[in-house]
Amino acid sequence: QVTGYLDDCTCDVETIDAFNNYKLFPRLNQLLESDYFRYYKVNLQKPCPFWDDNSHCGMRDCAVQPCPSYSEEANNLAEECEEAKRLGAVDDSLSKETRQAVLQWAQHDDSSDSFCEADDIHSPDAEYVDLLLNPERYTGYKGPDAWKIWNSIYEENCFKPQNVKRPLASDTGESFIYVTEWVSRVCVEKRAFYRLISGLHASINIHLSARYLLQDTWSEKKWGPNITEFQQRFDEVLTSGEGPRRLKNLYFLYLIELRALSKVLPFFERPGFQLYTGNSGRDAEMKHLLLEILHLAKSFPLHFDENSFFAGNTKEAAKLKEEFRLHFKNISKIMDCVGCIKCRLWGKLQTQGLGTALKILFSENLIEKIPESGPSYGFQLTRQEIVALFNAFGR
């Protein structure tokens, strides 16, 4: 059980649970099932910019290198790869009507600078994906390749000194303590950055544990909670005390994204803004639901106080803020190195969602100046950012 207060916040776990489970999530879930929010345009074919993707199960065709002679290991690898290919494939089927509709949606898009490495959504490789047809769940993507991704994110992008090692799967509990001690000593901004990444990691691990492939036969596939998988990642004893901290970091991530939703209300309140899908009645209904969710977010009594960020020396604060942005941009690029397509989809979507939340929190002055009618020149959100923001928060 994770209970009590969260570090660096005035909020506690119980308050968030009650607010989310009974008030916010049922409405949010309804919103995410609508056409505007279920289709996400993404380029899943971008090459990894940091290393040659020589993983045993390459992304494009998931082919296994032929072996000169039969070995049990090679056979197991082929089976594992086939499973990862099957479970990790993205269902890209869209109806003819949807394909025609999404062509019109692009005309209603806006553009702006961001915290994320933006996909070129006009690239021939970019395509709309139906998120409801591609739920985030266990795909068989694991082992050294998956660890390489997370190690790159933590080692290179969390303001962490080289001598502080993040534990690998085979490590003892000692390095867990080491990383925890380091986190407690750094400034609030760097600590927050680490906790956001840890929270994102926890979120992804929870989803693959909660939607695990329990039965796979020719007649049916059965998905459900895998308690053992969950315990390996979050049990206090099995993780040398680190598991509950990971879960608390998930709550921290929730608070940051909730705060962003409460701050961005003026952008969506403008009469000229619409969740355009071409069905005016349904679009008006969804905008009403969206505003209801944002007002609810604003009413939350114990918001994270982002004024504690970058509050010191102006020059130092500006430097740290830019570092923050570049570190996060780097993480969004690493998502193009994920070898499983479905994992890549949800990784890109959730990092773009968090990047959009950070962009909102760092644009407060611009948001306050948004005119009630007419274009919003100072602050913009693209359709991609809007879809990513709400779906990441939904995760």
# chains A, B, ... in the order shown; residues from 1 in each chain; ligands from 1

$ residues_around --residues "range 124-139 of chain A" --least-positions-apart "3" --cutoff "10 Å" --atoms "only C-alpha atoms" --output "PyMOL selection string"
chain A and resi 32-35+37-46+83-94+98-99+102+119-121+142+204-214+223-224+340-343+345-347+391+395

$ residues_around --residues "Leu28 in chain A" --least-positions-apart "5" --cutoff "12 Å" --atoms "only C-alpha atoms" --output "compact mmCIF listing (two decimals) with N, CA and C atoms, in the first residue's frame"
# COMPACT_ATOMS: atom_id res chain seq x y z
N ASN A 20 -9.41 11.36 -8.27
CA ASN A 20 -9.27 10.74 -9.59
C ASN A 20 -10.32 9.66 -9.84
N ASN A 21 -10.43 8.72 -8.90
CA ASN A 21 -11.25 7.54 -9.15
C ASN A 21 -12.75 7.83 -9.24
N TYR A 22 -13.20 8.81 -8.45
CA TYR A 22 -14.65 9.06 -8.41
C TYR A 22 -15.09 10.26 -9.23
N LYS A 23 -14.20 11.22 -9.41
CA LYS A 23 -14.62 12.44 -10.14
C LYS A 23 -14.03 12.54 -11.54
N GLU A 33 -12.40 8.24 -25.54
CA GLU A 33 -13.02 7.32 -26.49
C GLU A 33 -13.62 8.04 -27.70
N SER A 34 -13.59 9.37 -27.66
CA SER A 34 -14.17 10.14 -28.78
C SER A 34 -13.19 10.17 -29.95
N PHE A 37 -9.84 12.27 -29.86
CA PHE A 37 -8.75 11.84 -28.98
C PHE A 37 -8.26 10.42 -29.23
N LEU A 258 -1.80 17.14 -13.97
CA LEU A 258 -3.06 17.74 -13.51
C LEU A 258 -2.91 19.26 -13.40
N LEU A 261 -3.15 20.84 -16.79
CA LEU A 261 -4.54 20.91 -17.27
C LEU A 261 -5.26 22.10 -16.63
N MET A 286 -18.29 17.25 -26.98
CA MET A 286 -16.96 16.88 -26.48
C MET A 286 -16.22 18.08 -25.91
N LEU A 289 -17.54 18.58 -22.47
CA LEU A 289 -16.96 17.60 -21.55
C LEU A 289 -15.51 17.95 -21.23
N LEU A 290 -14.75 18.39 -22.25
CA LEU A 290 -13.36 18.80 -22.05
C LEU A 290 -13.27 19.94 -21.04
N LEU A 291 -14.12 20.96 -21.19
CA LEU A 291 -14.09 22.10 -20.27
C LEU A 291 -14.51 21.68 -18.86
N GLU A 292 -15.45 20.74 -18.78
CA GLU A 292 -15.86 20.23 -17.47
C GLU A 292 -14.66 19.57 -16.76
N ILE A 293 -13.87 18.80 -17.52
CA ILE A 293 -12.68 18.14 -16.96
C ILE A 293 -11.64 19.18 -16.52
N LEU A 294 -11.45 20.21 -17.34
CA LEU A 294 -10.45 21.23 -17.01
C LEU A 294 -10.87 22.05 -15.78
N LEU A 296 -12.74 20.91 -13.44
CA LEU A 296 -12.58 19.96 -12.33
C LEU A 296 -11.11 19.92 -11.90
N ALA A 297 -10.21 19.89 -12.88
CA ALA A 297 -8.77 19.90 -12.58
C ALA A 297 -8.40 21.16 -11.80
N LEU A 389 -1.34 15.00 -24.73
CA LEU A 389 -1.49 15.49 -23.35
C LEU A 389 -2.58 14.73 -22.60
N PHE A 390 -3.75 14.62 -23.22
CA PHE A 390 -4.89 14.01 -22.53
C PHE A 390 -4.75 12.49 -22.46
N ASN A 391 -4.18 11.87 -23.50
CA ASN A 391 -4.00 10.42 -23.44
C ASN A 391 -2.90 10.03 -22.46
N ALA A 392 -1.85 10.84 -22.37
CA ALA A 392 -0.79 10.55 -21.39
C ALA A 392 -1.35 10.67 -19.98
N PHE A 393 -2.15 11.70 -19.76
CA PHE A 393 -2.78 11.86 -18.45
C PHE A 393 -3.75 10.70 -18.17
N GLY A 394 -4.43 10.25 -19.21
CA GLY A 394 -5.33 9.11 -19.08
C GLY A 394 -4.60 7.83 -18.67
N ARG A 395 -3.38 7.68 -19.13
CA ARG A 395 -2.56 6.52 -18.73
C ARG A 395 -2.32 6.57 -17.23

$ closest_residue --among "A:Gly355, A:Lys319, A:Ser198, A:Asp8" --to "Arg245 in chain A" --atoms "only C-alpha atoms"
A:Ser198

$ residues_around --residues "Phe304 in chain A" --least-positions-apart "2" --cutoff "7 Å" --atoms "only C-alpha atoms" --output "number ranges by chain"
A: 9, 255-256, 259, 302, 306

$ write_last_selection --atoms "all heavy atoms" --output "PDB file, in the first residue's frame"
ATOM      1  N   CYS A   9       5.632  18.028  -2.111  1.00  0.00           N
ATOM      2  CA  CYS A   9       4.231  18.408  -2.352  1.00  0.00           C
ATOM      3  C   CYS A   9       3.483  18.524  -1.025  1.00  0.00           C
ATOM      4  O   CYS A   9       3.872  17.908  -0.037  1.00  0.00           O
ATOM      5  CB  CYS A   9       3.509  17.350  -3.178  1.00  0.00           C
ATOM      6  SG  CYS A   9       4.283  16.977  -4.734  1.00  0.00           S
ATOM      7  N   LEU A 255       0.302  14.668 -10.547  1.00  0.00           N
ATOM      8  CA  LEU A 255       0.098  16.037 -10.057  1.00  0.00           C
ATOM      9  C   LEU A 255       0.625  17.083 -11.038  1.00  0.00           C
ATOM     10  O   LEU A 255       0.014  18.133 -11.224  1.00  0.00           O
ATOM     11  CB  LEU A 255       0.785  16.229  -8.699  1.00  0.00           C
ATOM     12  CG  LEU A 255       0.068  15.666  -7.476  1.00  0.00           C
ATOM     13  CD1 LEU A 255       0.899  15.917  -6.224  1.00  0.00           C
ATOM     14  CD2 LEU A 255      -1.324  16.286  -7.310  1.00  0.00           C
ATOM     15  N   ILE A 256       1.773  16.802 -11.651  1.00  0.00           N
ATOM     16  CA  ILE A 256       2.348  17.742 -12.619  1.00  0.00           C
ATOM     17  C   ILE A 256       1.425  17.890 -13.831  1.00  0.00           C
ATOM     18  O   ILE A 256       1.138  18.998 -14.297  1.00  0.00           O
ATOM     19  CB  ILE A 256       3.756  17.271 -13.067  1.00  0.00           C
ATOM     20  CG1 ILE A 256       4.760  17.374 -11.906  1.00  0.00           C
ATOM     21  CG2 ILE A 256       4.238  18.061 -14.282  1.00  0.00           C
ATOM     22  CD1 ILE A 256       5.203  18.770 -11.538  1.00  0.00           C
ATOM     23  N   ARG A 259      -1.776  19.706 -12.887  1.00  0.00           N
ATOM     24  CA  ARG A 259      -1.510  21.143 -12.759  1.00  0.00           C
ATOM     25  C   ARG A 259      -1.505  21.810 -14.141  1.00  0.00           C
ATOM     26  O   ARG A 259      -2.048  22.901 -14.314  1.00  0.00           O
ATOM     27  CB  ARG A 259      -0.166  21.354 -12.062  1.00  0.00           C
ATOM     28  CG  ARG A 259       0.191  22.819 -11.802  1.00  0.00           C
ATOM     29  CD  ARG A 259      -0.819  23.470 -10.907  1.00  0.00           C
ATOM     30  NE  ARG A 259      -0.333  24.733 -10.348  1.00  0.00           N
ATOM     31  CZ  ARG A 259      -1.125  25.617  -9.766  1.00  0.00           C
ATOM     32  NH1 ARG A 259      -2.432  25.387  -9.687  1.00  0.00           N
ATOM     33  NH2 ARG A 259      -0.640  26.728  -9.263  1.00  0.00           N
ATOM     34  N   LEU A 302      -5.251  20.603  -3.713  1.00  0.00           N
ATOM     35  CA  LEU A 302      -3.848  20.527  -3.280  1.00  0.00           C
ATOM     36  C   LEU A 302      -2.890  20.418  -4.464  1.00  0.00           C
ATOM     37  O   LEU A 302      -2.111  19.473  -4.581  1.00  0.00           O
ATOM     38  CB  LEU A 302      -3.665  19.326  -2.335  1.00  0.00           C
ATOM     39  CG  LEU A 302      -4.421  19.405  -1.005  1.00  0.00           C
ATOM     40  CD1 LEU A 302      -4.395  18.067  -0.293  1.00  0.00           C
ATOM     41  CD2 LEU A 302      -3.821  20.488  -0.109  1.00  0.00           C
ATOM     42  N   GLU A 306       4.197  24.905  -8.848  1.00  0.00           N
ATOM     43  CA  GLU A 306       5.326  24.956  -9.784  1.00  0.00           C
ATOM     44  C   GLU A 306       6.168  26.218  -9.622  1.00  0.00           C
ATOM     45  O   GLU A 306       7.213  26.360 -10.242  1.00  0.00           O
ATOM     46  CB  GLU A 306       4.843  24.808 -11.237  1.00  0.00           C
ATOM     47  CG  GLU A 306       4.176  26.006 -11.848  1.00  0.00           C
ATOM     48  CD  GLU A 306       2.763  26.244 -11.349  1.00  0.00           C
ATOM     49  OE1 GLU A 306       2.242  25.428 -10.557  1.00  0.00           O
ATOM     50  OE2 GLU A 306       2.179  27.251 -11.740  1.00  0.00           O
TER      51      GLU A 306
END
